[in-house]
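A.B. asks: Got work31.txt for you, compact mmCIF, C-alpha atoms:
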```
# COMPACT_ATOMS: atom_id res chain seq x y z
CA MET A 1 50.41 -51.22 -84.55
CA ASN A 2 54.10 -52.06 -84.05
CA PHE A 3 53.62 -55.34 -85.89
CA PHE A 4 51.95 -53.54 -88.79
CA TYR A 5 54.79 -51.01 -88.90
CA LEU A 6 57.41 -53.79 -89.01
CA CYS A 7 55.53 -55.49 -91.87
CA VAL A 8 55.46 -52.23 -93.83
CA VAL A 9 59.20 -51.68 -93.27
CA ALA A 10 59.97 -55.26 -94.36
CA PHE A 11 57.86 -54.84 -97.47
CA LEU A 12 59.58 -51.56 -98.39
CA LEU A 13 63.01 -53.12 -97.87
CA CYS A 14 62.05 -56.00 -100.10
CA MET A 15 60.83 -53.63 -102.79
CA ALA A 16 64.06 -51.62 -102.48
CA VAL A 17 66.13 -54.73 -103.15
CA HIS A 18 64.05 -55.63 -106.20
CA ALA A 19 64.11 -52.07 -107.51
CA GLU A 20 67.87 -52.53 -107.96
CA GLY A 21 67.63 -56.14 -109.08
CA PHE A 22 67.32 -59.52 -107.44
CA PRO A 23 69.06 -60.13 -104.09
CA ASP A 24 72.76 -60.92 -104.07
CA ILE A 25 73.79 -64.41 -103.00
CA GLU A 26 74.37 -63.28 -99.40
CA GLN A 27 70.71 -62.31 -99.08
CA LEU A 28 69.39 -65.57 -100.53
CA PRO A 29 68.31 -68.31 -98.09
CA SER A 30 69.90 -71.74 -98.16
CA LYS A 31 67.65 -74.39 -99.73
CA PRO A 32 69.49 -77.71 -99.94
CA GLU A 33 66.46 -79.37 -101.57
CA PHE A 34 64.77 -78.34 -104.81
CA PRO A 35 62.92 -75.03 -104.35
CA ASP A 36 59.17 -75.34 -104.77
CA PRO A 37 58.41 -74.36 -108.39
CA LEU A 38 54.95 -73.22 -107.24
CA THR A 39 56.24 -70.72 -104.68
CA MET A 40 57.14 -67.18 -105.72
CA LEU A 41 60.37 -65.57 -104.53
CA SER A 42 58.21 -63.53 -102.14
CA GLY A 43 56.79 -66.70 -100.60
CA GLU A 44 53.40 -66.40 -102.31
CA LYS A 45 51.94 -69.78 -103.24
CA VAL A 46 50.84 -70.42 -106.82
CA THR A 47 47.54 -72.29 -106.87
CA THR A 48 45.95 -71.39 -110.23
CA LYS A 49 46.86 -71.51 -113.90
CA GLU A 50 46.48 -67.74 -114.08
CA GLN A 51 49.03 -67.21 -111.31
CA TRP A 52 51.46 -69.55 -113.06
CA PHE A 53 51.32 -67.90 -116.47
CA GLN A 54 50.92 -64.31 -115.32
CA LYS A 55 53.28 -64.25 -112.34
CA ARG A 56 55.45 -67.28 -111.62
CA LYS A 57 56.59 -68.21 -115.13
CA PRO A 58 57.68 -64.61 -115.95
CA GLU A 59 59.47 -64.45 -112.60
CA LEU A 60 61.35 -67.68 -113.29
CA LYS A 61 62.47 -66.36 -116.68
CA LYS A 62 63.93 -63.28 -115.02
CA LEU A 63 65.56 -65.38 -112.30
CA PHE A 64 67.27 -67.66 -114.84
CA GLU A 65 68.43 -64.65 -116.84
CA HIS A 66 69.77 -62.86 -113.78
CA TYR A 67 71.49 -65.71 -111.97
CA MET A 68 72.44 -68.22 -114.67
CA TYR A 69 72.16 -67.67 -118.42
CA GLY A 70 72.32 -63.89 -118.73
CA ILE A 71 69.98 -61.50 -120.50
CA ALA A 72 69.72 -61.89 -124.27
CA PRO A 73 68.66 -58.99 -126.53
CA ALA A 74 65.08 -58.53 -127.60
CA ALA A 75 64.13 -60.59 -130.65
CA PRO A 76 65.19 -58.75 -133.83
CA LYS A 77 63.48 -58.98 -137.19
CA ILE A 78 65.07 -61.58 -139.47
CA GLU A 79 65.72 -61.68 -143.18
CA ALA A 80 65.81 -65.22 -144.56
CA LYS A 81 67.08 -66.23 -147.99
CA ILE A 82 66.95 -69.71 -149.52
CA VAL A 83 70.36 -69.94 -151.17
CA THR A 84 69.84 -73.32 -152.81
CA GLU A 85 66.94 -75.78 -152.98
CA ASP A 86 67.14 -79.41 -154.09
CA LYS A 87 63.77 -81.18 -154.42
CA ASN A 88 65.41 -84.48 -155.29
CA TYR A 89 67.46 -84.92 -152.13
CA PHE A 90 68.17 -88.38 -150.72
CA GLY A 91 67.23 -89.86 -154.08
CA GLY A 92 63.93 -88.02 -154.25
CA LYS A 93 62.86 -88.73 -150.68
CA ALA A 94 63.35 -85.16 -149.48
CA THR A 95 63.79 -81.50 -150.32
CA LYS A 96 66.89 -79.70 -149.09
CA LYS A 97 66.89 -75.98 -148.40
CA ASP A 98 70.16 -74.19 -147.67
CA ILE A 99 69.09 -71.00 -145.89
CA GLU A 100 70.87 -67.84 -144.75
CA ILE A 101 69.34 -65.87 -141.90
CA ARG A 102 70.40 -62.29 -141.20
CA TYR A 103 69.26 -60.30 -138.19
CA GLY A 104 70.41 -57.64 -135.80
CA PRO A 105 73.18 -55.08 -136.40
CA PRO A 106 75.12 -55.22 -139.70
CA THR A 107 78.10 -56.94 -138.06
CA THR A 108 75.99 -59.85 -136.79
CA PRO A 109 77.29 -63.19 -138.15
CA VAL A 110 75.09 -64.88 -140.76
CA LEU A 111 73.22 -67.93 -139.52
CA HIS A 112 73.41 -70.83 -142.00
CA VAL A 113 70.55 -73.32 -141.74
CA LEU A 114 70.29 -76.74 -143.33
CA LEU A 115 66.62 -77.73 -143.63
CA ILE A 116 65.64 -81.15 -145.03
CA ILE A 117 61.93 -81.91 -145.51
CA PRO A 118 60.27 -85.24 -146.42
CA ASN A 119 58.60 -85.27 -149.85
CA LYS A 120 56.20 -88.14 -149.15
CA ARG A 121 53.50 -86.44 -147.08
CA THR A 122 49.98 -85.07 -147.36
CA GLN A 123 50.38 -82.37 -144.71
CA PRO A 124 53.04 -79.88 -143.57
CA ALA A 125 55.82 -81.76 -141.78
CA PRO A 126 56.73 -81.55 -138.10
CA VAL A 127 60.31 -80.42 -137.70
CA PHE A 128 63.22 -81.08 -135.37
CA VAL A 129 65.52 -78.09 -134.90
CA GLY A 130 68.88 -78.13 -133.17
CA PRO A 131 72.47 -76.92 -133.32
CA ASN A 132 75.38 -79.06 -134.44
CA PHE A 133 78.97 -79.07 -133.22
CA HIS A 134 81.09 -78.81 -136.36
CA GLY A 135 79.09 -77.44 -139.29
CA ASN A 136 76.23 -78.39 -141.59
CA HIS A 137 78.68 -80.03 -144.00
CA ALA A 138 79.37 -82.72 -141.40
CA VAL A 139 75.79 -83.91 -140.80
CA VAL A 140 75.12 -85.10 -144.37
CA ALA A 141 77.32 -86.35 -147.20
CA ASP A 142 76.82 -83.39 -149.53
CA SER A 143 79.60 -81.72 -151.49
CA THR A 144 77.44 -78.65 -152.21
CA LEU A 145 77.24 -77.42 -148.62
CA ALA A 146 79.73 -74.67 -147.83
CA LEU A 147 82.24 -75.16 -145.04
CA PRO A 148 81.87 -72.87 -142.01
CA GLN A 149 83.87 -69.68 -142.39
CA VAL A 150 84.08 -69.08 -138.65
CA TRP A 151 86.17 -70.82 -136.00
CA VAL A 152 85.50 -74.54 -135.47
CA PRO A 153 86.79 -76.84 -132.71
CA LYS A 154 89.75 -79.16 -133.13
CA ALA A 155 87.98 -82.19 -134.60
CA LEU A 156 86.91 -83.77 -137.90
CA GLY A 157 90.13 -82.72 -139.61
CA SER A 158 89.95 -79.01 -138.81
CA VAL A 159 93.21 -77.10 -139.11
CA ASP A 160 94.00 -74.01 -137.01
CA GLY A 161 90.33 -73.49 -136.22
CA LYS A 162 89.21 -73.84 -139.84
CA ALA A 163 86.94 -76.59 -141.20
CA THR A 164 88.32 -78.74 -144.01
CA GLU A 165 86.90 -81.15 -146.57
CA THR A 166 87.98 -84.00 -144.31
CA GLY A 167 85.02 -83.35 -142.04
CA ARG A 168 82.39 -83.56 -144.77
CA GLY A 169 79.72 -86.15 -143.87
CA LYS A 170 81.56 -87.34 -140.76
CA GLU A 171 78.48 -86.96 -138.54
CA VAL A 172 75.92 -88.67 -140.76
CA ASP A 173 75.53 -91.41 -138.13
CA VAL A 174 75.14 -88.78 -135.40
CA TRP A 175 72.19 -86.96 -136.95
CA ASN A 176 70.67 -89.88 -138.91
CA ILE A 177 68.56 -87.43 -140.91
CA GLU A 178 67.40 -89.98 -143.48
CA ASN A 179 65.84 -91.97 -140.64
CA SER A 180 63.79 -88.95 -139.52
CA ILE A 181 62.77 -88.27 -143.12
CA ALA A 182 61.54 -91.86 -143.43
CA ARG A 183 59.39 -91.30 -140.34
CA GLY A 184 57.88 -88.13 -141.82
CA TYR A 185 59.86 -85.50 -139.87
CA ALA A 186 61.83 -82.58 -141.24
CA VAL A 187 65.16 -81.61 -139.66
CA ALA A 188 66.68 -78.14 -139.39
CA THR A 189 70.18 -77.72 -138.04
CA TYR A 190 72.80 -75.00 -137.79
CA TYR A 191 76.40 -74.73 -136.67
CA ALA A 192 76.43 -73.36 -133.12
CA GLY A 193 79.59 -71.41 -133.90
CA ASP A 194 77.65 -69.25 -136.34
CA MET A 195 76.19 -67.69 -133.21
CA ASP A 196 79.21 -67.87 -130.97
CA PRO A 197 82.33 -70.03 -131.33
CA ASP A 198 82.68 -72.30 -128.31
CA LYS A 199 85.63 -70.60 -126.66
CA ASN A 200 86.11 -68.09 -123.88
CA ASP A 201 86.09 -65.05 -126.14
CA PHE A 202 83.14 -62.72 -126.69
CA SER A 203 84.81 -60.71 -129.45
CA ASP A 204 84.04 -62.88 -132.47
CA GLY A 205 80.36 -63.87 -132.27
CA VAL A 206 76.90 -62.50 -131.80
CA HIS A 207 77.75 -60.91 -128.44
CA ALA A 208 80.15 -58.40 -129.98
CA ALA A 209 77.65 -57.52 -132.72
CA PHE A 210 74.96 -56.59 -130.19
CA MET A 211 77.34 -54.71 -127.88
CA LYS A 212 76.78 -50.98 -127.95
CA GLU A 213 79.74 -48.63 -128.32
CA GLY A 214 81.44 -48.20 -124.97
CA GLU A 215 79.35 -50.92 -123.35
CA LYS A 216 81.08 -53.45 -121.09
CA ARG A 217 79.97 -56.87 -119.99
CA ASN A 218 78.55 -57.27 -116.51
CA ASN A 219 77.41 -60.10 -114.26
CA GLN A 220 74.12 -60.45 -116.14
CA SER A 221 75.53 -60.29 -119.67
CA TRP A 222 74.39 -63.26 -121.73
CA GLY A 223 76.66 -66.24 -122.10
CA THR A 224 77.29 -68.64 -124.95
CA VAL A 225 74.47 -71.09 -124.12
CA ALA A 226 72.03 -68.18 -124.25
CA ALA A 227 73.52 -67.12 -127.61
CA TRP A 228 73.08 -70.59 -129.08
CA ALA A 229 69.47 -70.62 -127.86
CA PHE A 230 68.96 -67.15 -129.34
CA GLY A 231 70.07 -68.62 -132.67
CA MET A 232 67.56 -71.45 -132.38
CA GLN A 233 64.81 -68.90 -131.78
CA ARG A 234 65.83 -66.97 -134.90
CA ILE A 235 65.52 -70.21 -136.87
CA VAL A 236 62.07 -70.70 -135.37
CA ASP A 237 61.28 -67.20 -136.71
CA TYR A 238 61.83 -68.70 -140.15
CA LEU A 239 60.31 -72.16 -139.57
CA VAL A 240 56.90 -70.73 -138.64
CA THR A 241 56.76 -69.05 -142.07
CA ASP A 242 57.66 -72.08 -144.21
CA ALA A 243 54.51 -73.59 -145.76
CA ASP A 244 56.18 -77.02 -145.97
CA LEU A 245 56.35 -77.19 -142.17
CA ASP A 246 53.79 -77.51 -139.40
CA LYS A 247 54.53 -74.49 -137.21
CA SER A 248 52.62 -76.09 -134.32
CA LYS A 249 55.00 -79.06 -134.27
CA ILE A 250 58.49 -77.66 -133.79
CA ILE A 251 60.74 -79.90 -131.66
CA ALA A 252 63.96 -78.58 -130.11
CA THR A 253 66.79 -81.03 -129.65
CA GLY A 254 70.53 -81.09 -129.10
CA HIS A 255 73.28 -83.17 -127.54
CA SER A 256 75.28 -82.33 -124.42
CA ARG A 257 75.98 -78.57 -124.25
CA LEU A 258 73.66 -78.18 -127.21
CA GLY A 259 71.01 -80.06 -125.24
CA LYS A 260 71.30 -77.29 -122.67
CA THR A 261 70.64 -74.96 -125.57
CA ALA A 262 67.50 -76.82 -126.64
CA MET A 263 66.18 -76.82 -123.09
CA LEU A 264 66.70 -73.08 -122.64
CA ALA A 265 65.26 -72.18 -126.04
CA THR A 266 62.10 -74.18 -125.35
CA ALA A 267 61.59 -72.75 -121.87
CA PHE A 268 61.87 -69.21 -123.24
CA ASP A 269 59.91 -69.70 -126.49
CA ASP A 270 56.34 -70.99 -126.46
CA ARG A 271 56.39 -71.53 -130.23
CA ILE A 272 58.49 -74.64 -129.65
CA ALA A 273 56.10 -77.53 -129.07
CA MET A 274 58.47 -80.02 -127.48
CA ALA A 275 61.95 -80.27 -125.95
CA ILE A 276 64.17 -83.34 -126.31
CA PRO A 277 67.59 -82.58 -124.80
CA LEU A 278 70.04 -85.49 -124.96
CA GLN A 279 72.54 -86.00 -122.12
CA ALA A 280 72.48 -82.27 -121.34
CA GLY A 281 73.80 -82.60 -117.78
CA CYS A 282 74.83 -79.73 -115.50
CA GLY A 283 73.46 -76.37 -116.57
CA GLY A 284 70.78 -78.03 -118.65
CA THR A 285 68.85 -81.05 -117.40
CA ALA A 286 70.81 -82.18 -114.34
CA PRO A 287 70.34 -80.41 -111.01
CA SER A 288 72.80 -77.69 -110.03
CA ARG A 289 72.44 -79.12 -106.52
CA GLY A 290 73.49 -82.54 -107.79
CA LYS A 291 76.16 -84.49 -105.95
CA ILE A 292 76.88 -86.82 -108.87
CA GLY A 293 78.54 -85.94 -112.15
CA GLU A 294 79.74 -82.54 -113.27
CA PRO A 295 79.42 -79.89 -110.54
CA VAL A 296 78.68 -76.19 -111.08
CA ALA A 297 82.16 -75.14 -109.92
CA ARG A 298 83.81 -77.35 -112.50
CA ILE A 299 81.61 -76.36 -115.43
CA ASN A 300 82.15 -72.67 -114.67
CA LYS A 301 85.90 -73.16 -114.47
CA VAL A 302 86.30 -75.17 -117.67
CA PHE A 303 83.64 -73.31 -119.65
CA PRO A 304 83.53 -69.82 -118.11
CA HIS A 305 81.77 -68.39 -121.19
CA TRP A 306 78.70 -70.65 -121.14
CA PHE A 307 76.78 -68.85 -118.42
CA CYS A 308 76.63 -65.35 -116.99
CA ASP A 309 79.16 -64.37 -114.35
CA GLU A 310 76.52 -64.27 -111.62
CA TYR A 311 76.25 -68.06 -111.82
CA LYS A 312 79.88 -68.37 -110.72
CA LYS A 313 78.96 -66.99 -107.30
CA PHE A 314 77.09 -70.23 -106.69
CA ASN A 315 80.06 -72.51 -107.42
CA GLU A 316 80.31 -73.66 -103.81
CA GLN A 317 76.85 -72.53 -102.70
CA THR A 318 74.39 -74.14 -105.08
CA ASP A 319 71.94 -74.39 -102.17
CA LYS A 320 71.50 -70.61 -102.49
CA LEU A 321 70.11 -70.78 -106.02
CA PRO A 322 66.46 -69.64 -105.93
CA PHE A 323 65.64 -72.29 -108.56
CA ASP A 324 67.02 -75.47 -110.06
CA GLN A 325 66.64 -77.05 -113.47
CA HIS A 326 63.21 -78.47 -112.64
CA CYS A 327 62.00 -74.87 -112.81
CA LEU A 328 63.32 -74.60 -116.38
CA VAL A 329 61.38 -77.74 -117.26
CA ALA A 330 58.31 -76.31 -115.54
CA MET A 331 58.51 -73.24 -117.77
CA CYS A 332 57.86 -75.57 -120.72
CA ALA A 333 54.53 -76.73 -119.26
CA PRO A 334 52.15 -77.91 -120.59
CA ARG A 335 54.40 -78.88 -123.52
CA PRO A 336 56.00 -82.37 -123.53
CA VAL A 337 59.64 -82.75 -122.50
CA LEU A 338 61.79 -85.87 -122.93
CA PHE A 339 65.10 -86.32 -121.11
CA SER A 340 67.34 -88.89 -122.80
CA ASN A 341 70.49 -90.42 -121.31
CA ALA A 342 73.05 -93.23 -121.46
CA ALA A 343 73.81 -95.59 -118.59
CA GLU A 344 77.59 -95.09 -118.70
CA ASP A 345 77.31 -91.30 -118.94
CA THR A 346 77.40 -90.69 -115.19
CA TRP A 347 78.98 -87.25 -115.78
CA ALA A 348 75.55 -86.10 -117.03
CA ASN A 349 73.89 -87.47 -113.85
CA PRO A 350 71.04 -89.54 -115.36
CA ALA A 351 69.46 -90.24 -111.95
CA GLY A 352 69.55 -86.55 -111.05
CA GLN A 353 67.83 -85.75 -114.33
CA PHE A 354 65.03 -88.15 -113.46
CA ASP A 355 64.64 -86.27 -110.15
CA VAL A 356 64.47 -82.96 -112.06
CA LEU A 357 61.53 -84.21 -114.11
CA ALA A 358 59.77 -85.51 -111.00
CA ALA A 359 60.23 -82.12 -109.31
CA ALA A 360 58.62 -80.35 -112.28
CA ASP A 361 55.60 -82.67 -112.15
CA PRO A 362 53.46 -80.50 -109.79
CA VAL A 363 53.40 -77.65 -112.31
CA TYR A 364 52.26 -79.94 -115.11
CA ARG A 365 49.57 -81.39 -112.84
CA LEU A 366 48.38 -77.90 -111.91
CA LEU A 367 47.97 -77.12 -115.61
CA GLY A 368 46.14 -80.37 -116.26
CA ALA A 369 48.85 -81.60 -118.62
CA GLY A 370 49.71 -84.91 -116.99
CA GLY A 371 53.30 -85.19 -115.84
CA MET A 372 55.85 -87.85 -115.00
CA ASP A 373 54.05 -91.20 -114.78
CA ALA A 374 57.07 -93.26 -113.75
CA LYS A 375 57.88 -93.41 -110.03
CA THR A 376 61.33 -94.89 -110.53
CA MET A 377 63.89 -94.79 -113.34
CA PRO A 378 63.00 -97.21 -116.14
CA GLU A 379 65.17 -100.08 -117.25
CA THR A 380 67.58 -99.35 -120.09
CA GLY A 381 65.95 -99.23 -123.49
CA LYS A 382 62.42 -98.60 -122.18
CA LEU A 383 60.81 -95.26 -123.08
CA VAL A 384 58.68 -93.52 -120.49
CA ASP A 385 56.37 -91.60 -122.83
CA SER A 386 54.28 -89.57 -120.38
CA THR A 387 54.16 -85.78 -120.89
CA LEU A 388 57.36 -85.60 -118.88
CA GLY A 389 59.25 -88.45 -120.49
CA TYR A 390 62.48 -90.27 -119.76
CA PHE A 391 64.71 -92.63 -121.73
CA ILE A 392 68.01 -94.26 -120.83
CA ARG A 393 69.96 -96.65 -123.01
CA ALA A 394 73.14 -98.64 -122.73
CA GLY A 395 76.27 -96.84 -123.85
CA LYS A 396 78.21 -93.65 -123.44
CA HIS A 397 78.04 -89.91 -124.12
CA ASN A 398 77.10 -89.70 -127.78
CA MET A 399 74.16 -89.21 -130.14
CA ALA A 400 73.06 -92.27 -132.09
CA LEU A 401 70.23 -93.90 -134.02
CA VAL A 402 68.79 -95.48 -130.88
CA ASP A 403 68.34 -91.98 -129.43
CA TRP A 404 66.63 -90.68 -132.55
CA ASN A 405 64.21 -93.61 -132.58
CA ALA A 406 63.22 -92.77 -129.00
CA PHE A 407 62.82 -89.09 -129.99
CA LEU A 408 60.59 -90.05 -132.91
CA ASP A 409 58.47 -92.45 -130.86
CA PHE A 410 57.95 -89.75 -128.23
CA ALA A 411 57.02 -87.17 -130.87
CA ASP A 412 54.62 -89.62 -132.52
CA LYS A 413 52.90 -90.15 -129.18
CA HIS A 414 52.40 -86.48 -128.31
CA LEU A 415 52.21 -84.72 -131.68
CA GLY A 416 50.65 -87.50 -133.73
CA LYS A 417 52.31 -89.51 -136.47
CA PRO A 418 53.09 -87.39 -139.53
CA LYS A 419 50.82 -87.82 -142.55
```
Kindly transcribe the structure held in the file into structure tokens.
C.D. replies:
Amino acid sequence: MNFFYLCVVAFLLCMAVHAEGFPDIEQLPSKPEFPDPLTMLSGEKVTTKEQWFQKRKPELKKLFEHYMYGIAPAAPKIEAKIVTEDKNYFGGKATKKDIEIRYGPPTTPVLHVLLIIPNKRTQPAPVFVGPNFHGNHAVVADSTLALPQVWVPKALGSVDGKATETGRGKEVDVWNIENSIARGYAVATYYAGDMDPDKNDFSDGVHAAFMKEGEKRNNQSWGTVAAWAFGMQRIVDYLVTDADLDKSKIIATGHSRLGKTAMLATAFDDRIAMAIPLQAGCGGTAPSRGKIGEPVARINKVFPHWFCDEYKKFNEQTDKLPFDQHCLVAMCAPRPVLFSNAAEDTWANPAGQFDVLAAADPVYRLLGAGGMDAKTMPETGKLVDSTLGYFIRAGKHNMALVDWNAFLDFADKHLGKPK
């Protein structure tokens, strides 16, 4: 009887904590190793597909929102307008659509999307979607694309936070869009700063637009990575309506901090068929518990706006996190995920990223989706193309043609070659 009474009291205390929110860091147990993705916060084991989709996956989403990325607004209705369309792009190889997407309150910044679709096809095209760092004008050599009207970083000839003509076409070799077109894939990209400029200021982006009068930010308010991912999801709102595209073959990608964005957007949006984050590192594809590369304390100090303030509590206590990035990968199951890295980019912790994929494998196996077939990291230049895939090449922290060719080979394997 006493034992039963103690169990009831413990249960009620647990429920009381969760009625107010998840436990504070002091109440979380230390777990130096990766937490089991198939164990609920309560300790309940997940042994069926139904438990995963109905209980554990929704719980993980709430955990990531509460402790790391912050809570984004509910999806608003979008209004999309094709501003210009050029059906003779790349010398007739493609069609370009310059699209404006409006959503949310009237003060919400307009999202400008560059969509390029291959003309030589017999079916709707699969499409890569991802944010860019400096503006759509930089990813192709096209004098008709407008320069961003919002703040841009100090690069590609920008002056006082404003883009200039100097930056036009400077990232053609980063995005290599003509190469994807030749392989039968469409590409949609947008300037991340249209959602939120990459600086520690929440007054000039989407956050301010969605802030209610008198409302103040709190520990669970969404950060910039969540805002960029929110933008990708609004683009997906449009992509699934475009008859030129295959809405079942949407692939999220991005480099570095924008790889974190692609990973988060895919985990939180089942309409995205595949995630290919490139060199996403800490806060994306590398473990928070990692001992190599960028640590949580450093990323929160240098980029305090990327994540919610709750994440900062774990700067020196990452062992208290009730998840790690393998759980974000697991949320994508059964959809394919490819981690891509460079050998010299130790700051992104390539070996730790391999461990993250391996730790997500049990969830994929439970769902009958395959998993990570490799037992050890592959040699440079060799693509592991299992459902959980891995690629590492020679070189440094950048996005290049060799990366895109690996992306395309992986997509061909799992989505089928475009026709």
A.B. asks: Restrict the calculation to all atoms listed in the file, then for each residue of region 67-128 of chain A with any atom at most 8 Å from an atom of region 228-248 of chain A give the closest atom pair and their distance in Å to one decimal, rows by chain and rising residue number, as JSON lines.
C.D. replies:
```
{"residue": "A:Ala72", "atom": "CA", "partner": "A:Phe230", "partner_atom": "CA", "distance": 7.3}
{"residue": "A:Ala75", "atom": "CA", "partner": "A:Arg234", "partner_atom": "CA", "distance": 7.9}
{"residue": "A:Ile78", "atom": "CA", "partner": "A:Arg234", "partner_atom": "CA", "distance": 7.1}
{"residue": "A:Ala80", "atom": "CA", "partner": "A:Tyr238", "partner_atom": "CA", "distance": 6.9}
{"residue": "A:Ile101", "atom": "CA", "partner": "A:Ile235", "partner_atom": "CA", "distance": 7.7}
{"residue": "A:Leu111", "atom": "CA", "partner": "A:Gly231", "partner_atom": "CA", "distance": 7.6}
{"residue": "A:Val113", "atom": "CA", "partner": "A:Ile235", "partner_atom": "CA", "distance": 7.7}
{"residue": "A:Ile117", "atom": "CA", "partner": "A:Asp244", "partner_atom": "CA", "distance": 7.6}
{"residue": "A:Gln123", "atom": "CA", "partner": "A:Asp246", "partner_atom": "CA", "distance": 8.0}
{"residue": "A:Pro124", "atom": "CA", "partner": "A:Leu245", "partner_atom": "CA", "distance": 4.5}
{"residue": "A:Ala125", "atom": "CA", "partner": "A:Leu245", "partner_atom": "CA", "distance": 4.6}
{"residue": "A:Pro126", "atom": "CA", "partner": "A:Asp246", "partner_atom": "CA", "distance": 5.2}
{"residue": "A:Val127", "atom": "CA", "partner": "A:Leu245", "partner_atom": "CA", "distance": 6.8}
```
A.B. asks: I need the residues from that last selection saved to file as a CSV table (one decimal), keeping the file's coordinate frame (with C-alpha atoms), if you can.
C.D. replies:
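Below is the file that was written, out30.csv:
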```
chain,number,residue,atom,x,y,z
A,72,ALA,CA,69.7,-61.9,-124.3
A,75,ALA,CA,64.1,-60.6,-130.6
A,78,ILE,CA,65.1,-61.6,-139.5
A,80,ALA,CA,65.8,-65.2,-144.6
A,101,ILE,CA,69.3,-65.9,-141.9
A,111,LEU,CA,73.2,-67.9,-139.5
A,113,VAL,CA,70.6,-73.3,-141.7
A,117,ILE,CA,61.9,-81.9,-145.5
A,123,GLN,CA,50.4,-82.4,-144.7
A,124,PRO,CA,53.0,-79.9,-143.6
A,125,ALA,CA,55.8,-81.8,-141.8
A,126,PRO,CA,56.7,-81.6,-138.1
A,127,VAL,CA,60.3,-80.4,-137.7
```
A.B. asks: Counting all atoms listed in the file, find the residues whose atoms lie at most 12 Å from (80.1, -79.9, -131.6) (file coordinates) and write them out as number ranges by chain.
C.D. replies: A: 130-136, 138-139, 151-156, 170-171, 174-175, 190-194, 197-199, 228, 254-259, 398-399
A.B. asks: Rank nothing, just name the residue among A:Leu60, A:Pro148, A:Arg217, A:Ala252 nearest to Val187 (chain A), using all atoms listed in the file.
C.D. replies: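 So, comparing all the options, the nearest one is A:Ala252.
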A.B. asks: My list of candidates is A:Lys320, A:Lys57, A:Lys81, A:Arg121. Which is closest to Arg102 (chain A) when distances are computed with all atoms listed in the file?
C.D. replies: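 Smallest separation from Arg102 (chain A) among the options: A:Lys81.
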A.B. asks: Pick from A:Thr266, A:Asn349, A:Thr380, A:Gln54: nearest to Arg335 (chain A), with all atoms listed in the file counted?
C.D. replies: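 Closest candidate: A:Thr266.
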A.B. asks: Calculated over only C-alpha atoms, which of the candidates A:Ile116, A:Ser386, A:Gly214, A:Leu145 has the smallest distance to Gly184 (chain A)?
C.D. replies: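 Closest to Gly184 (chain A), using only C-alpha atoms: A:Ile116.
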A.B. asks: For region 367-374 of chain A, please output as a list in words all residues within 8 Å (counting only C-alpha atoms; exclusion window: fewer than 2 positions along the same chain).
C.D. replies: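 The residues that qualify are Lys49, Ala333, Pro334, Arg335, Leu357, Ala358, Asp361, Pro362, Val363, Tyr364, Arg365, Thr376, Met377, Pro378, Val384, Ser386, Thr387, Leu388 and Gly389 of chain A.
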A.B. asks: Interatomic distance between CA of His326 (chain A) and CA of Val402 (chain A)?
C.D. replies: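 Computed distance, CA of His326 (chain A) to CA of Val402 (chain A), equals 25.6 Å.
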A.B. asks: Just the residues within 10 Å of Lys87 (chain A), please, counting all atoms listed in the file, with nothing from its chain fewer than 2 positions along; format it as a list in words.
C.D. replies: Glu85, Tyr89, Phe90, Gly91, Gly92, Lys93, Ala94, Thr95, Lys96, Lys97, Ile116, Ile117, Pro118 and Asn119 of chain A
A.B. asks: Have a look at A:Phe323, A:Tyr103, A:Trp347, A:Phe303 and name the one nearest to Leu63 (chain A); count all atoms listed in the file.
C.D. replies: A:Phe323
A.B. asks: Quick one: region 255-262 of chain A with N, CA and C atoms, as a JSON list (two decimals), in the coordinates of the input?
C.D. replies:
```json
[["chain", "number", "residue", "atom", "x", "y", "z"],
["A", 255, "HIS", "N", 72.51, -82.25, -128.36],
["A", 255, "HIS", "CA", 73.28, -83.17, -127.54],
["A", 255, "HIS", "C", 74.25, -82.43, -126.63],
["A", 256, "SER", "N", 74.31, -82.85, -125.38],
["A", 256, "SER", "CA", 75.28, -82.33, -124.42],
["A", 256, "SER", "C", 75.09, -80.83, -124.20],
["A", 257, "ARG", "N", 76.11, -80.01, -124.44],
["A", 257, "ARG", "CA", 75.98, -78.57, -124.25],
["A", 257, "ARG", "C", 74.90, -77.99, -125.17],
["A", 258, "LEU", "N", 74.69, -78.64, -126.29],
["A", 258, "LEU", "CA", 73.66, -78.18, -127.21],
["A", 258, "LEU", "C", 72.28, -78.69, -126.78],
["A", 259, "GLY", "N", 72.25, -79.68, -125.90],
["A", 259, "GLY", "CA", 71.01, -80.06, -125.24],
["A", 259, "GLY", "C", 70.60, -79.01, -124.23],
["A", 260, "LYS", "N", 71.59, -78.42, -123.55],
["A", 260, "LYS", "CA", 71.30, -77.29, -122.67],
["A", 260, "LYS", "C", 70.64, -76.17, -123.47],
["A", 261, "THR", "N", 71.17, -75.98, -124.67],
["A", 261, "THR", "CA", 70.64, -74.96, -125.57],
["A", 261, "THR", "C", 69.18, -75.22, -125.92],
["A", 262, "ALA", "N", 68.87, -76.46, -126.28],
["A", 262, "ALA", "CA", 67.50, -76.82, -126.64],
["A", 262, "ALA", "C", 66.55, -76.62, -125.47]]
```
